[in-house]
Amino acid sequence: AGPQDLECLFDVFLSLVQNHQKQVSAKALLTHKLTFSLQPPPLAERPKKVLIIGSGGLSIGQAGEFDYSGSQAIKALREENIQTVLINPNIATVQTSKGLADKVYFLPLVPEYVEQVIRVERPGGVLLTFGGQTGLNCGVELERAGIFKKYNIKILGTPIQAIIDTEDRKIFSERIAAIGEKVAPSMAAHSVEEALEAAEQLGYPVMARAAFSLGGLGSGFADNKDELKTLAVQALAHSSQ
């Protein structure tokens with residue numbers, strides 16, 4: 001229990017105990033452990049211009065928290081002298097305020113419009129994880145359409161495959177099981193009939209969750225077929241899985 005920022009000091013103590021016969025200096029070990037070493041930048045070539053997919057309309061899964069994180073991302077990029085281009089249709093956000101992003105496009109967060117901005121602006125990198133659910137879905141669609149590859153754009157931050165793996169319920173449970181973590185037995189369904197069949201195999205009560213939905217839209221518990229049917233209809237109205 002307690003803070004973990006100086007957990008490394010315990011490693012120093014263990015090293016001292018293990019090497020007590022060699023008369024290793026505690027001061028030398030502490031200095032070595034706590035000395036800051038500057039790592040080389042992960043990007044060989046830093047992009048001069050970055051496109052940020054904004055937070056969009058206020059709803060669960062893409063509300064104020066993404067407006068906040070997006071505006072912080074813009075500030076961080078500006079500190080590094082990187083030009084920022086923001087796409088956000090919601091005028092009532094902090095990140096669209098004058099003086100934050102270098103350029104703001106008040107356009108819908110759909111692949112067609114984002115591609116038009118990419119064609120005009122030609123950014124060197126893109127940030128997908130500051131736009132909430134709509135931004136993530138848009139980024140996945142652009143990747144599948146080969147837009148980022150076509151315009152030679154680096155995806156910065158979370159890799160696109162990690163986004164796909166966590167958004168798809170079936171793939172996510174497989175990834176969790178692969179590393180030996182315990183996860184509730186689950187099945188993916190793409191229709192109401194499939195959902196009912198899956199529930200029969202898993203056993204009631206069941207939890208239904210729509211895929212590609214951070215905020216839990218169309219999710220809930222079902223104790224019987226009728227409840228599950230209602231949930232599945234709601235969930236499949238927002239998602240394919």
# chains A, B, ... in the order shown; residues from 1 in each chain; ligands from 1
>>> select_by_dssp(residues="range 113-220 of chain A", states="alpha helix (DSSP H)", output="PyMOL selection string")
chain A and resi 113-121+132-144+147-150+160-167+169-178+192-202
>>> closest_residue(among="A:Ser186, A:Gln72, A:Asn224, A:Ser191", to="Pro205 in chain A", atoms="only C-alpha atoms")
A:Asn224
>>> atom_distance(atom1="CA of Ser25 in chain A", atom2="CA of Glu7 in chain A")
19.2 Å
>>> residues_around(residues="Pro47 in chain A", least_positions_apart="6", cutoff="8 Å", atoms="only C-alpha atoms", output="ChimeraX atom specification")
/A:82,123-125
>>> write_last_selection(atoms="N, CA and C atoms", output="short mmCIF file (atom, residue, chain, number, x, y, z; two decimals), in the first residue's frame")
data_model
loop_
_atom_site.label_atom_id
_atom_site.label_comp_id
_atom_site.auth_asym_id
_atom_site.auth_seq_id
_atom_site.Cartn_x
_atom_site.Cartn_y
_atom_site.Cartn_z
N ILE A 82 5.35 22.22 -32.51
CA ILE A 82 4.70 21.42 -33.55
C ILE A 82 3.36 22.08 -33.88
N PRO A 123 -0.68 16.66 -42.77
CA PRO A 123 0.05 16.55 -41.49
C PRO A 123 1.02 15.37 -41.51
N GLY A 124 2.04 15.45 -40.66
CA GLY A 124 3.01 14.35 -40.59
C GLY A 124 2.57 13.27 -39.61
N GLY A 125 1.68 13.64 -38.67
CA GLY A 125 1.20 12.69 -37.67
C GLY A 125 -0.23 12.96 -37.30
#
>>> residues_around(residues="Phe106 in chain A", least_positions_apart="6", cutoff="10 Å", atoms="only C-alpha atoms", output="MDAnalysis selection string")
chainID A and resid 54 56 86:91 96
>>> residues_around(residues="range 11-14 of chain A", least_positions_apart="6", cutoff="8 Å", atoms="only C-alpha atoms", output="ChimeraX atom specification")
/A:26,29-30,33
>>> closest_residue(among="A:Ile164, A:Val120, A:Ile53, A:Val17", to="Thr134 in chain A", atoms="only C-alpha atoms")
A:Ile53
>>> atom_distance(atom1="CA of Asp223 in chain A", atom2="CA of Ile171 in chain A")
25.4 Å
>>> closest_residue(among="A:Val206, A:Asp165, A:Glu65, A:Ser71", to="Pro185 in chain A", atoms="only C-alpha atoms")
A:Val206
>>> residues_around(residues="Ala101 in chain A", least_positions_apart="6", cutoff="9 Å", atoms="only C-alpha atoms", output="list of chain:residue names")
A:Ser71, A:Ile74, A:Lys75, A:Arg78, A:Gln83, A:Thr84, A:Val85, A:Leu86, A:Gln95
>>> decode(residues="range 165-181 of chain A", atoms="all heavy atoms", output="tab-separated table (two decimals), in the first residue's frame")
chain	number	residue	atom	x	y	z
A	165	ASP	N	-8.08	-3.87	-30.89
A	165	ASP	CA	-8.10	-5.01	-29.96
A	165	ASP	C	-8.93	-4.73	-28.71
A	165	ASP	O	-9.57	-5.63	-28.18
A	165	ASP	CB	-6.67	-5.38	-29.52
A	165	ASP	CG	-5.88	-6.04	-30.65
A	165	ASP	OD1	-6.49	-6.34	-31.69
A	165	ASP	OD2	-4.66	-6.25	-30.48
A	166	THR	N	-8.91	-3.50	-28.23
A	166	THR	CA	-9.67	-3.18	-27.01
A	166	THR	C	-11.13	-2.83	-27.30
A	166	THR	O	-11.99	-3.03	-26.45
A	166	THR	CB	-9.04	-2.00	-26.24
A	166	THR	OG1	-8.78	-0.93	-27.15
A	166	THR	CG2	-7.75	-2.40	-25.57
A	167	GLU	N	-11.41	-2.34	-28.49
A	167	GLU	CA	-12.79	-1.96	-28.84
A	167	GLU	C	-13.64	-3.17	-29.21
A	167	GLU	O	-14.84	-3.18	-28.99
A	167	GLU	CB	-12.78	-0.98	-30.02
A	167	GLU	CG	-12.19	0.37	-29.69
A	167	GLU	CD	-13.20	1.28	-29.04
A	167	GLU	OE1	-13.35	1.20	-27.80
A	167	GLU	OE2	-13.85	2.05	-29.74
A	168	ASP	N	-13.01	-4.19	-29.81
A	168	ASP	CA	-13.74	-5.40	-30.22
A	168	ASP	C	-13.80	-6.34	-29.01
A	168	ASP	O	-12.79	-6.83	-28.54
A	168	ASP	CB	-13.01	-6.08	-31.39
A	168	ASP	CG	-13.82	-7.22	-31.99
A	168	ASP	OD1	-14.12	-8.18	-31.24
A	168	ASP	OD2	-14.12	-7.18	-33.19
A	169	ARG	N	-15.01	-6.59	-28.52
A	169	ARG	CA	-15.18	-7.38	-27.29
A	169	ARG	C	-14.56	-8.77	-27.41
A	169	ARG	O	-13.92	-9.25	-26.47
A	169	ARG	CB	-16.68	-7.53	-26.95
A	169	ARG	CG	-17.41	-6.22	-26.82
A	169	ARG	CD	-17.18	-5.56	-25.48
A	169	ARG	NE	-17.88	-4.29	-25.40
A	169	ARG	CZ	-17.47	-3.24	-24.75
A	169	ARG	NH1	-16.31	-3.28	-24.11
A	169	ARG	NH2	-18.16	-2.13	-24.71
A	170	LYS	N	-14.75	-9.43	-28.55
A	170	LYS	CA	-14.26	-10.80	-28.72
A	170	LYS	C	-12.73	-10.83	-28.72
A	170	LYS	O	-12.11	-11.62	-28.00
A	170	LYS	CB	-14.80	-11.38	-30.04
A	170	LYS	CG	-14.48	-12.86	-30.24
A	170	LYS	CD	-15.22	-13.39	-31.46
A	170	LYS	CE	-15.02	-14.89	-31.61
A	170	LYS	NZ	-13.67	-15.25	-32.05
A	171	ILE	N	-12.12	-9.94	-29.52
A	171	ILE	CA	-10.65	-9.90	-29.60
A	171	ILE	C	-10.06	-9.55	-28.23
A	171	ILE	O	-9.08	-10.14	-27.80
A	171	ILE	CB	-10.18	-8.88	-30.67
A	171	ILE	CG1	-10.63	-9.33	-32.07
A	171	ILE	CG2	-8.66	-8.72	-30.66
A	171	ILE	CD1	-10.40	-8.32	-33.17
A	172	PHE	N	-10.72	-8.61	-27.52
A	172	PHE	CA	-10.21	-8.17	-26.22
A	172	PHE	C	-10.17	-9.33	-25.22
A	172	PHE	O	-9.17	-9.55	-24.54
A	172	PHE	CB	-11.05	-7.02	-25.67
A	172	PHE	CG	-10.55	-6.48	-24.35
A	172	PHE	CD1	-9.34	-5.82	-24.27
A	172	PHE	CD2	-11.29	-6.65	-23.19
A	172	PHE	CE1	-8.86	-5.33	-23.06
A	172	PHE	CE2	-10.82	-6.16	-21.97
A	172	PHE	CZ	-9.61	-5.50	-21.92
A	173	SER	N	-11.27	-10.11	-25.16
A	173	SER	CA	-11.31	-11.22	-24.20
A	173	SER	C	-10.27	-12.28	-24.57
A	173	SER	O	-9.67	-12.91	-23.70
A	173	SER	CB	-12.71	-11.84	-24.12
A	173	SER	OG	-13.08	-12.42	-25.35
A	174	GLU	N	-10.03	-12.47	-25.89
A	174	GLU	CA	-8.99	-13.41	-26.34
A	174	GLU	C	-7.60	-12.94	-25.92
A	174	GLU	O	-6.77	-13.75	-25.49
A	174	GLU	CB	-9.05	-13.58	-27.86
A	174	GLU	CG	-10.22	-14.43	-28.33
A	174	GLU	CD	-10.42	-14.36	-29.85
A	174	GLU	OE1	-9.62	-13.69	-30.53
A	174	GLU	OE2	-11.38	-14.99	-30.34
A	175	ARG	N	-7.35	-11.62	-26.07
A	175	ARG	CA	-6.04	-11.06	-25.68
A	175	ARG	C	-5.81	-11.20	-24.17
A	175	ARG	O	-4.72	-11.50	-23.72
A	175	ARG	CB	-5.97	-9.57	-26.06
A	175	ARG	CG	-5.92	-9.31	-27.56
A	175	ARG	CD	-4.52	-9.52	-28.12
A	175	ARG	NE	-4.47	-9.19	-29.53
A	175	ARG	CZ	-4.78	-10.02	-30.52
A	175	ARG	NH1	-5.17	-11.26	-30.23
A	175	ARG	NH2	-4.69	-9.64	-31.78
A	176	ILE	N	-6.87	-10.95	-23.39
A	176	ILE	CA	-6.76	-11.06	-21.92
A	176	ILE	C	-6.49	-12.51	-21.52
A	176	ILE	O	-5.64	-12.78	-20.66
A	176	ILE	CB	-8.06	-10.53	-21.24
A	176	ILE	CG1	-8.22	-9.01	-21.47
A	176	ILE	CG2	-8.07	-10.84	-19.75
A	176	ILE	CD1	-7.14	-8.14	-20.84
A	177	ALA	N	-7.22	-13.44	-22.16
A	177	ALA	CA	-7.04	-14.87	-21.86
A	177	ALA	C	-5.62	-15.33	-22.24
A	177	ALA	O	-5.02	-16.15	-21.56
A	177	ALA	CB	-8.08	-15.70	-22.59
A	178	ALA	N	-5.09	-14.75	-23.33
A	178	ALA	CA	-3.76	-15.14	-23.82
A	178	ALA	C	-2.65	-14.83	-22.82
A	178	ALA	O	-1.63	-15.52	-22.78
A	178	ALA	CB	-3.47	-14.45	-25.15
A	179	ILE	N	-2.84	-13.78	-21.99
A	179	ILE	CA	-1.79	-13.43	-21.01
A	179	ILE	C	-2.10	-14.04	-19.63
A	179	ILE	O	-1.47	-13.71	-18.64
A	179	ILE	CB	-1.58	-11.90	-20.90
A	179	ILE	CG1	-2.87	-11.18	-20.48
A	179	ILE	CG2	-1.02	-11.33	-22.19
A	179	ILE	CD1	-2.67	-9.72	-20.09
A	180	GLY	N	-3.11	-14.93	-19.61
A	180	GLY	CA	-3.39	-15.67	-18.38
A	180	GLY	C	-4.21	-14.92	-17.34
A	180	GLY	O	-4.28	-15.34	-16.19
A	181	GLU	N	-4.85	-13.82	-17.75
A	181	GLU	CA	-5.70	-13.08	-16.80
A	181	GLU	C	-7.10	-13.69	-16.79
A	181	GLU	O	-7.57	-14.18	-17.81
A	181	GLU	CB	-5.79	-11.60	-17.20
A	181	GLU	CG	-4.55	-10.79	-16.90
A	181	GLU	CD	-4.26	-10.64	-15.42
A	181	GLU	OE1	-5.22	-10.53	-14.63
A	181	GLU	OE2	-3.08	-10.66	-15.06
